Every structure is written in structure tokens, then in C-alpha cells.
>>> print(open('input-v1.pdb').read())   # PDB, C-alpha atoms
MODEL        1
ATOM      1  CA  MET A 139       4.877  22.143 -28.623  1.00  0.00           C
ATOM      2  CA  LYS A 140       7.248  24.534 -30.494  1.00  0.00           C
ATOM      3  CA  LYS A 141       8.582  21.645 -32.572  1.00  0.00           C
ATOM      4  CA  SER A 142       5.036  20.606 -33.432  1.00  0.00           C
ATOM      5  CA  ILE A 143       4.097  24.124 -34.613  1.00  0.00           C
ATOM      6  CA  LEU A 144       7.279  24.490 -36.690  1.00  0.00           C
ATOM      7  CA  PHE A 145       6.756  21.085 -38.279  1.00  0.00           C
ATOM      8  CA  VAL A 146       3.169  21.961 -39.268  1.00  0.00           C
ATOM      9  CA  ALA A 147       4.221  25.383 -40.630  1.00  0.00           C
ATOM     10  CA  PHE A 148       7.069  23.881 -42.652  1.00  0.00           C
ATOM     11  CA  SER A 149       4.762  21.201 -44.072  1.00  0.00           C
ATOM     12  CA  LEU A 150       2.194  23.807 -45.067  1.00  0.00           C
ATOM     13  CA  LEU A 151       4.841  25.724 -46.995  1.00  0.00           C
ATOM     14  CA  LEU A 152       5.656  22.605 -48.983  1.00  0.00           C
ATOM     15  CA  MET A 153       2.018  21.995 -49.920  1.00  0.00           C
ATOM     16  CA  PRO A 154       0.849  22.915 -53.409  1.00  0.00           C
ATOM     17  CA  VAL A 155      -1.855  25.548 -53.436  1.00  0.00           C
ATOM     18  CA  GLU A 156      -5.262  23.868 -53.748  1.00  0.00           C
ATOM     19  CA  GLY A 157      -8.414  25.487 -54.983  1.00  0.00           C
ATOM     20  CA  ASN A 158     -10.523  23.065 -53.003  1.00  0.00           C
ATOM     21  CA  ALA A 159     -10.732  23.850 -49.243  1.00  0.00           C
ATOM     22  CA  GLN A 160     -11.703  20.281 -48.313  1.00  0.00           C
ATOM     23  CA  LYS A 161      -8.531  18.847 -49.875  1.00  0.00           C
ATOM     24  CA  TRP A 162      -6.461  21.429 -48.023  1.00  0.00           C
ATOM     25  CA  LEU A 163      -8.049  20.438 -44.676  1.00  0.00           C
ATOM     26  CA  LYS A 164      -7.436  16.736 -45.349  1.00  0.00           C
ATOM     27  CA  LYS A 165      -3.759  17.440 -45.965  1.00  0.00           C
ATOM     28  CA  LEU A 166      -3.616  19.473 -42.757  1.00  0.00           C
ATOM     29  CA  GLU A 167      -5.118  16.546 -40.781  1.00  0.00           C
ATOM     30  CA  SER A 168      -2.585  14.201 -42.355  1.00  0.00           C
ATOM     31  CA  VAL A 169       0.277  16.471 -41.308  1.00  0.00           C
ATOM     32  CA  ALA A 170      -1.084  16.693 -37.754  1.00  0.00           C
ATOM     33  CA  LYS A 171      -1.196  12.873 -37.508  1.00  0.00           C
ATOM     34  CA  THR A 172       2.378  12.691 -38.739  1.00  0.00           C
ATOM     35  CA  VAL A 173       3.447  15.186 -36.053  1.00  0.00           C
ATOM     36  CA  ASP A 174       1.779  13.081 -33.353  1.00  0.00           C
ATOM     37  CA  GLN A 175       3.582   9.959 -34.559  1.00  0.00           C
ATOM     38  CA  VAL A 176       6.978  11.682 -34.729  1.00  0.00           C
ATOM     39  CA  LEU A 177       6.691  13.318 -31.312  1.00  0.00           C
ATOM     40  CA  GLY A 178       5.171  10.218 -29.706  1.00  0.00           C
ATOM     41  CA  THR A 179       2.081  11.932 -28.338  1.00  0.00           C
ATOM     42  CA  PRO A 180       0.348   9.447 -25.961  1.00  0.00           C
ATOM     43  CA  SER A 181      -2.999   8.198 -27.135  1.00  0.00           C
ATOM     44  CA  SER A 182      -6.156   8.337 -25.068  1.00  0.00           C
ATOM     45  CA  SER A 183      -6.164   4.539 -24.719  1.00  0.00           C
ATOM     46  CA  ALA A 184      -2.672   4.604 -23.154  1.00  0.00           C
ATOM     47  CA  SER A 185      -3.689   7.229 -20.591  1.00  0.00           C
ATOM     48  CA  THR A 186      -6.760   5.153 -19.718  1.00  0.00           C
ATOM     49  CA  THR A 187      -4.550   2.119 -19.094  1.00  0.00           C
ATOM     50  CA  ASP A 188      -2.296   4.130 -16.770  1.00  0.00           C
ATOM     51  CA  SER A 189      -5.259   5.333 -14.709  1.00  0.00           C
ATOM     52  CA  ASP A 190      -6.636   1.798 -14.474  1.00  0.00           C
ATOM     53  CA  GLU A 191      -3.294   0.536 -13.167  1.00  0.00           C
ATOM     54  CA  SER A 192      -3.051   3.240 -10.497  1.00  0.00           C
ATOM     55  CA  SER A 193      -6.627   2.656  -9.326  1.00  0.00           C
ATOM     56  CA  SER A 194      -6.125  -1.106  -9.119  1.00  0.00           C
ATOM     57  CA  THR A 195      -2.982  -0.553  -7.016  1.00  0.00           C
ATOM     58  CA  ALA A 196      -4.881   1.732  -4.637  1.00  0.00           C
ATOM     59  CA  ALA A 197      -7.691  -0.818  -4.354  1.00  0.00           C
ATOM     60  CA  VAL A 198      -5.304  -3.371  -2.837  1.00  0.00           C
ATOM     61  CA  GLY A 199      -4.862  -1.180   0.258  1.00  0.00           C
ATOM     62  CA  VAL A 200      -1.287   0.133   0.286  1.00  0.00           C
ATOM     63  CA  ILE A 201      -0.286   2.618   3.004  1.00  0.00           C
ATOM     64  CA  GLN A 202       3.059   4.432   2.969  1.00  0.00           C
ATOM     65  CA  GLN A 203       4.073   5.777   6.378  1.00  0.00           C
ATOM     66  CA  GLY A 204       7.505   7.350   6.083  1.00  0.00           C
ATOM     67  CA  GLY A 205       9.833   4.517   5.096  1.00  0.00           C
ATOM     68  CA  THR A 206       7.348   1.924   6.334  1.00  0.00           C
ATOM     69  CA  LYS A 207       5.005   0.272   3.848  1.00  0.00           C
ATOM     70  CA  ILE A 208       1.789  -1.467   4.931  1.00  0.00           C
ATOM     71  CA  VAL A 209      -0.197  -3.668   2.538  1.00  0.00           C
ATOM     72  CA  THR A 210      -3.576  -4.325   4.167  1.00  0.00           C
ATOM     73  CA  ASN A 211      -5.019  -6.336   1.237  1.00  0.00           C
ATOM     74  CA  HIS A 212      -8.294  -4.426   1.604  1.00  0.00           C
ATOM     75  CA  PRO A 213      -9.094  -0.731   0.919  1.00  0.00           C
ATOM     76  CA  ASP A 214     -11.529  -0.550   3.883  1.00  0.00           C
ATOM     77  CA  LEU A 215      -8.816  -1.392   6.434  1.00  0.00           C
ATOM     78  CA  LYS A 216      -6.456   1.416   7.461  1.00  0.00           C
ATOM     79  CA  ILE A 217      -3.453   0.830   9.727  1.00  0.00           C
ATOM     80  CA  LYS A 218      -1.155   3.350  11.369  1.00  0.00           C
ATOM     81  CA  ILE A 219       1.919   2.444  13.435  1.00  0.00           C
ATOM     82  CA  THR A 220       2.309   4.883  16.328  1.00  0.00           C
ATOM     83  CA  ARG A 221       5.482   3.417  17.818  1.00  0.00           C
ATOM     84  CA  CYS A 222       7.844   0.442  17.823  1.00  0.00           C
ATOM     85  CA  ILE A 223       9.901   0.445  20.998  1.00  0.00           C
ATOM     86  CA  VAL A 224      12.115  -2.110  22.750  1.00  0.00           C
ATOM     87  CA  ASN A 225      12.579  -2.217  26.497  1.00  0.00           C
ATOM     88  CA  GLY A 226      15.168  -4.796  27.412  1.00  0.00           C
ATOM     89  CA  ARG A 227      14.409  -7.614  24.975  1.00  0.00           C
ATOM     90  CA  THR A 228      10.671  -6.968  24.681  1.00  0.00           C
ATOM     91  CA  CYS A 229       9.395  -5.021  21.673  1.00  0.00           C
ATOM     92  CA  VAL A 230       6.004  -3.317  21.653  1.00  0.00           C
ATOM     93  CA  ILE A 231       4.455  -2.196  18.365  1.00  0.00           C
ATOM     94  CA  ASP A 232       1.438   0.050  18.895  1.00  0.00           C
ATOM     95  CA  MET A 233      -0.945   0.429  15.970  1.00  0.00           C
ATOM     96  CA  ILE A 234      -4.279   2.065  15.209  1.00  0.00           C
ATOM     97  CA  PHE A 235      -6.722   0.060  13.102  1.00  0.00           C
ATOM     98  CA  THR A 236      -9.623   1.835  11.421  1.00  0.00           C
ATOM     99  CA  ASN A 237     -12.443   0.243   9.477  1.00  0.00           C
ATOM    100  CA  VAL A 238     -13.449   2.889   6.910  1.00  0.00           C
ATOM    101  CA  GLY A 239     -16.194   0.712   5.428  1.00  0.00           C
ATOM    102  CA  ASP A 240     -19.910   1.330   5.962  1.00  0.00           C
ATOM    103  CA  ARG A 241     -20.482  -1.753   8.154  1.00  0.00           C
ATOM    104  CA  ASP A 242     -19.115  -2.936  11.508  1.00  0.00           C
ATOM    105  CA  LEU A 243     -16.591  -5.763  11.420  1.00  0.00           C
ATOM    106  CA  LYS A 244     -17.941  -8.001  14.147  1.00  0.00           C
ATOM    107  CA  GLU A 245     -15.165 -10.584  14.375  1.00  0.00           C
ATOM    108  CA  VAL A 246     -11.561  -9.742  13.604  1.00  0.00           C
ATOM    109  CA  PHE A 247      -9.064 -12.323  14.863  1.00  0.00           C
ATOM    110  CA  PHE A 248      -5.413 -11.450  15.471  1.00  0.00           C
ATOM    111  CA  TYR A 249      -3.369 -14.583  16.015  1.00  0.00           C
ATOM    112  CA  SER A 250       0.185 -15.853  16.198  1.00  0.00           C
ATOM    113  CA  GLY A 251      -0.549 -19.558  16.367  1.00  0.00           C
ATOM    114  CA  TYR A 252      -2.379 -22.080  14.192  1.00  0.00           C
ATOM    115  CA  ASN A 253      -1.780 -22.284  10.435  1.00  0.00           C
ATOM    116  CA  GLY A 254      -0.232 -19.258   8.769  1.00  0.00           C
ATOM    117  CA  THR A 255       1.557 -18.006  11.846  1.00  0.00           C
ATOM    118  CA  THR A 256       2.264 -14.283  12.206  1.00  0.00           C
ATOM    119  CA  THR A 257       5.996 -13.901  11.632  1.00  0.00           C
ATOM    120  CA  ALA A 258       8.491 -11.045  11.978  1.00  0.00           C
ATOM    121  CA  PHE A 259      11.997 -10.736  10.524  1.00  0.00           C
ATOM    122  CA  ASP A 260      14.604  -8.258  11.795  1.00  0.00           C
ATOM    123  CA  ASP A 261      17.711  -6.851  10.119  1.00  0.00           C
ATOM    124  CA  GLU A 262      19.991  -9.198  12.102  1.00  0.00           C
ATOM    125  CA  GLY A 263      18.576 -12.353  10.513  1.00  0.00           C
ATOM    126  CA  ASN A 264      16.287 -13.276  13.407  1.00  0.00           C
ATOM    127  CA  GLN A 265      12.805 -14.690  12.873  1.00  0.00           C
ATOM    128  CA  TYR A 266       9.971 -14.431  15.397  1.00  0.00           C
ATOM    129  CA  SER A 267       6.699 -16.375  15.431  1.00  0.00           C
ATOM    130  CA  LYS A 268       5.887 -18.239  18.654  1.00  0.00           C
ATOM    131  CA  ASN A 269       6.994 -15.285  20.776  1.00  0.00           C
ATOM    132  CA  ILE A 270       4.433 -12.828  19.316  1.00  0.00           C
ATOM    133  CA  LEU A 271       1.410 -11.717  21.352  1.00  0.00           C
ATOM    134  CA  PHE A 272      -1.544  -9.358  20.739  1.00  0.00           C
ATOM    135  CA  GLY A 273      -3.728  -7.101  22.834  1.00  0.00           C
ATOM    136  CA  VAL A 274      -6.263  -4.270  22.658  1.00  0.00           C
ATOM    137  CA  ALA A 275      -4.922  -0.851  23.712  1.00  0.00           C
ATOM    138  CA  SER A 276      -3.221  -1.130  27.130  1.00  0.00           C
ATOM    139  CA  LYS A 277      -4.862  -4.419  28.122  1.00  0.00           C
ATOM    140  CA  GLY A 278      -2.928  -7.659  28.539  1.00  0.00           C
ATOM    141  CA  VAL A 279      -1.535  -9.534  25.538  1.00  0.00           C
ATOM    142  CA  GLU A 280      -2.141 -13.117  24.465  1.00  0.00           C
ATOM    143  CA  ALA A 281      -1.523 -15.484  21.543  1.00  0.00           C
ATOM    144  CA  SER A 282      -4.835 -14.608  19.878  1.00  0.00           C
ATOM    145  CA  VAL A 283      -7.490 -11.957  20.351  1.00  0.00           C
ATOM    146  CA  ASN A 284     -10.911 -11.322  18.813  1.00  0.00           C
ATOM    147  CA  VAL A 285     -12.002  -7.683  18.421  1.00  0.00           C
ATOM    148  CA  LEU A 286     -14.868  -5.599  17.068  1.00  0.00           C
ATOM    149  CA  LEU A 287     -13.957  -2.923  14.513  1.00  0.00           C
ATOM    150  CA  PRO A 288     -16.897  -0.502  14.276  1.00  0.00           C
ATOM    151  CA  SER A 289     -17.295   1.543  11.122  1.00  0.00           C
ATOM    152  CA  ASN A 290     -15.059   4.664  11.138  1.00  0.00           C
ATOM    153  CA  VAL A 291     -13.987   4.218  14.773  1.00  0.00           C
ATOM    154  CA  PRO A 292     -10.225   3.821  15.401  1.00  0.00           C
ATOM    155  CA  LEU A 293      -9.055   0.992  17.652  1.00  0.00           C
ATOM    156  CA  LYS A 294      -5.665   0.854  19.372  1.00  0.00           C
ATOM    157  CA  MET A 295      -3.966  -2.511  19.015  1.00  0.00           C
ATOM    158  CA  ARG A 296      -0.666  -3.781  20.395  1.00  0.00           C
ATOM    159  CA  MET A 297       1.707  -6.450  19.117  1.00  0.00           C
ATOM    160  CA  GLN A 298       4.413  -7.685  21.457  1.00  0.00           C
ATOM    161  CA  ILE A 299       7.534  -9.467  20.223  1.00  0.00           C
ATOM    162  CA  ASP A 300       9.789 -11.091  22.812  1.00  0.00           C
ATOM    163  CA  ASP A 301      13.510 -11.912  22.766  1.00  0.00           C
ATOM    164  CA  VAL A 302      14.560  -9.086  20.419  1.00  0.00           C
ATOM    165  CA  PRO A 303      18.365  -8.629  20.588  1.00  0.00           C
ATOM    166  CA  GLU A 304      19.925  -5.242  21.242  1.00  0.00           C
ATOM    167  CA  SER A 305      21.664  -5.319  17.855  1.00  0.00           C
ATOM    168  CA  ALA A 306      18.366  -5.269  15.886  1.00  0.00           C
ATOM    169  CA  THR A 307      17.497  -1.821  14.524  1.00  0.00           C
ATOM    170  CA  GLN A 308      14.385  -2.551  12.442  1.00  0.00           C
ATOM    171  CA  PHE A 309      11.916  -5.200  11.364  1.00  0.00           C
ATOM    172  CA  LEU A 310      12.439  -5.667   7.664  1.00  0.00           C
ATOM    173  CA  ARG A 311       9.125  -7.512   7.333  1.00  0.00           C
ATOM    174  CA  ILE A 312       6.161  -8.513   9.471  1.00  0.00           C
ATOM    175  CA  ASN A 313       3.591 -10.960   8.118  1.00  0.00           C
ATOM    176  CA  LEU A 314       0.568 -10.112  10.252  1.00  0.00           C
ATOM    177  CA  ASN A 315      -2.173 -12.719  10.148  1.00  0.00           C
ATOM    178  CA  ILE A 316      -5.707 -11.432  10.585  1.00  0.00           C
ATOM    179  CA  TYR A 317      -8.801 -13.557  10.071  1.00  0.00           C
ATOM    180  CA  CYS A 318     -11.903 -11.608   9.021  1.00  0.00           C
ATOM    181  CA  THR A 319     -14.526 -13.237   6.797  1.00  0.00           C
ATOM    182  CA  GLN A 320     -16.295  -9.905   6.145  1.00  0.00           C
ATOM    183  CA  LEU A 321     -13.148  -8.552   4.473  1.00  0.00           C
ATOM    184  CA  ASN A 322     -12.229 -11.929   3.009  1.00  0.00           C
ATOM    185  CA  LEU A 323      -8.946 -11.860   4.944  1.00  0.00           C
ATOM    186  CA  ARG A 324      -8.034 -15.471   5.612  1.00  0.00           C
ATOM    187  CA  ASP A 325      -4.892 -16.927   4.079  1.00  0.00           C
ATOM    188  CA  LYS A 326      -3.094 -13.804   2.847  1.00  0.00           C
ATOM    189  CA  PRO A 327      -1.298 -11.925   5.653  1.00  0.00           C
ATOM    190  CA  ILE A 328      -1.040  -8.168   5.993  1.00  0.00           C
ATOM    191  CA  THR A 329       2.568  -7.255   5.191  1.00  0.00           C
ATOM    192  CA  ILE A 330       4.450  -4.491   6.992  1.00  0.00           C
ATOM    193  CA  THR A 331       7.983  -3.661   5.851  1.00  0.00           C
ATOM    194  CA  ASN A 332      10.833  -1.518   7.197  1.00  0.00           C
ATOM    195  CA  VAL A 333       9.623  -0.740  10.724  1.00  0.00           C
ATOM    196  CA  PRO A 334      12.363   1.137  12.634  1.00  0.00           C
ATOM    197  CA  ILE A 335      13.002   0.073  16.233  1.00  0.00           C
ATOM    198  CA  THR A 336      13.331   2.705  18.972  1.00  0.00           C
ATOM    199  CA  ARG A 337      15.121   1.772  22.194  1.00  0.00           C
ATOM    200  CA  ASP A 338      13.678   2.802  25.547  1.00  0.00           C
ATOM    201  CA  GLY A 339      15.324   6.077  26.486  1.00  0.00           C
ATOM    202  CA  ASP A 340      15.901   7.161  22.864  1.00  0.00           C
ATOM    203  CA  GLU A 341      12.526   8.858  22.518  1.00  0.00           C
TER     204      GLU A 341
ENDMDL
END
>>> encode(input="input-v1.pdb", output="C-alpha cells")
Amino acid sequence: MKKSILFVAFSLLLMPVEGNAQKWLKKLESVAKTVDQVLGTPSSSASTTDSDESSSTAAVGVIQQGGTKIVTNHPDLKIKITRCIVNGRTCVIDMIFTNVGDRDLKEVFFYSGYNGTTTAFDDEGNQYSKNILFGVASKGVEASVNVLLPSNVPLKMRMQIDDVPESATQFLRINLNIYCTQLNLRDKPITITNVPITRDGDE
């Protein structure tokens, strides 16, 4: 700002005195444009582009939870991981799903089988797919489950991953397959990255 003012003042000193006020104002506008170009003042169109990019990113449905990143692929679906704990070789990931849309989601399928299998990858190079099960809250787990997600009502979900070695400390990526026609979630999995693993007794 100080540089801009000094530049304008210096330019005004160099101007010949004009008897016509309109010519003087035109020269002043010309100097102001030159200052903007030299200092690289962002234009209004550039700021509009930046805001469009940030809003389009938010519309995808990206949730940052500490070091964990969750891409839900839909802004109406919110996911929170409450814990990821291993007891023996069995890992339990507890999550809270919330539908923030204005309509109930009547059929939401969580599945580990069929095409587009839910898959997890740990930091020891292990891959898990067939040994992943799902359940609602504290109920039993199975290969697939169909749930109702009412509008603005949180639902506790559980994902169980078997045969996790003691050396694994986090899941670098989980491709979570959910089938929901109302949200147009079919072939593109929800991605969860960098989920730290807690061992039973460490809590």
C-alpha cells in the first residue's frame, strides 16, 4: 500500500500542469492502472475463480478429522470415526454416519463382497477385502448390511477387519463401498486415509 501511494505521488509530480480537470483525472486513472499492473493486484475475476474452486471442493464431501481424511463423494453424507482398535488380530472401526440432507435415505447398503469390494491397506503392505464385515452399532457383523439413514439422525456403524498383524500401526487407505441410489453412490467408493490403529490396552 505504501509503495502504491509513493508511486502515485511521484507520478503526479512528473505530470505537466493541465488547465483541464478532465485530462488531469484521466492521467490519474492511467497511473492507478499502471500501479495495479506493477504490484500485481489480483483482479475480481481471479478472486471469483478461487472461490469457485473452493466451493466445488467442498461440494465433493471432504472431511478432515485430525490426520485422517474422509472423502464421502456427497456433501449430504457426514462420517466420523470414533475409534479404530485391535484386540488380538481383530480390528474394529466404529463410525458415526449422519445424513444431513432433507430426506430419509431408505436403503444404504454396506458390503464387502460382489463387484467393487471394500478394501483396506495397512502400513505393512497388507491388503484386506474378504475378511471385512459390517454391522449396526453393537449388533452382529456380516458381509453386507442394509440400513436406514433418517435425515439429521446419527447412526453408529461398525466395520470389522480380521487377521490384522501386530506390526500394523495404521490403515493408509480404506476404500469403503456403499450403494445408495438416492445419493448416486454406486461405483465410486468412499475413501478414508491415514486411520491410526490403537491396540487394546493402549487407550
>>> resolve_selection(input="input-v1.pdb", expression="the PyMOL selection byres ((chain A and resi 338) around 10)", output="PyMOL selection string")
chain A and resi 222-226+229+335-337+339-341
>>> resolve_selection(input="input-v1.pdb", expression="the PyMOL selection byres ((chain A and resi 247) around 6)", output="MDAnalysis selection string")
chainID A and resid 246 248 283:284 316:317
>>> residues_around(input="input-v1.pdb", residues="A:Ile201", least_positions_apart="6", cutoff="9 Å", atoms="all atoms listed in the file", output="count of residues only")
7
>>> resolve_selection(input="input-v1.pdb", expression="the PyMOL selection byres ((chain A and resi 260-270) around 8)", output="JSON, numbers by chain")
{"A": [250, 251, 255, 256, 257, 258, 259, 271, 272, 281, 297, 298, 299, 300, 301, 305, 306, 307, 308, 309, 310, 311]}
>>> closest_residue(input="input-v1.pdb", among="A:Tyr249, A:Thr206, A:Pro213, A:Leu286", to="A:Pro327", atoms="only C-alpha atoms")
A:Tyr249
>>> atom_distance(input="input-v1.pdb", atom1="atom CA of A:Asp325", atom2="atom CA of A:Ile312")
14.9 Å
>>> atom_distance(input="input-v1.pdb", atom1="atom CA of A:Val198", atom2="atom CA of A:Val285")
22.7 Å
>>> closest_residue(input="input-v1.pdb", among="A:Pro303, A:Asp232, A:Asn322, A:Asn315", to="A:Thr220", atoms="all atoms listed in the file")
A:Asp232
>>> residues_around(input="input-v1.pdb", residues="A:Lys277", least_positions_apart="3", cutoff="10 Å", atoms="only C-alpha atoms", output="ChimeraX atom specification")
/A:272-274,280,295-296
>>> atom_distance(input="input-v1.pdb", atom1="atom CA of A:Thr329", atom2="atom CA of A:Val200")
9.7 Å
>>> closest_residue(input="input-v1.pdb", among="A:Gln202, A:Asn211, A:Asn332, A:Thr236", to="A:Lys294", atoms="only C-alpha atoms")
A:Thr236
>>> closest_residue(input="input-v1.pdb", among="A:Ile330, A:Met233, A:His212, A:Ser289", to="A:Cys318", atoms="all atoms listed in the file")
A:His212
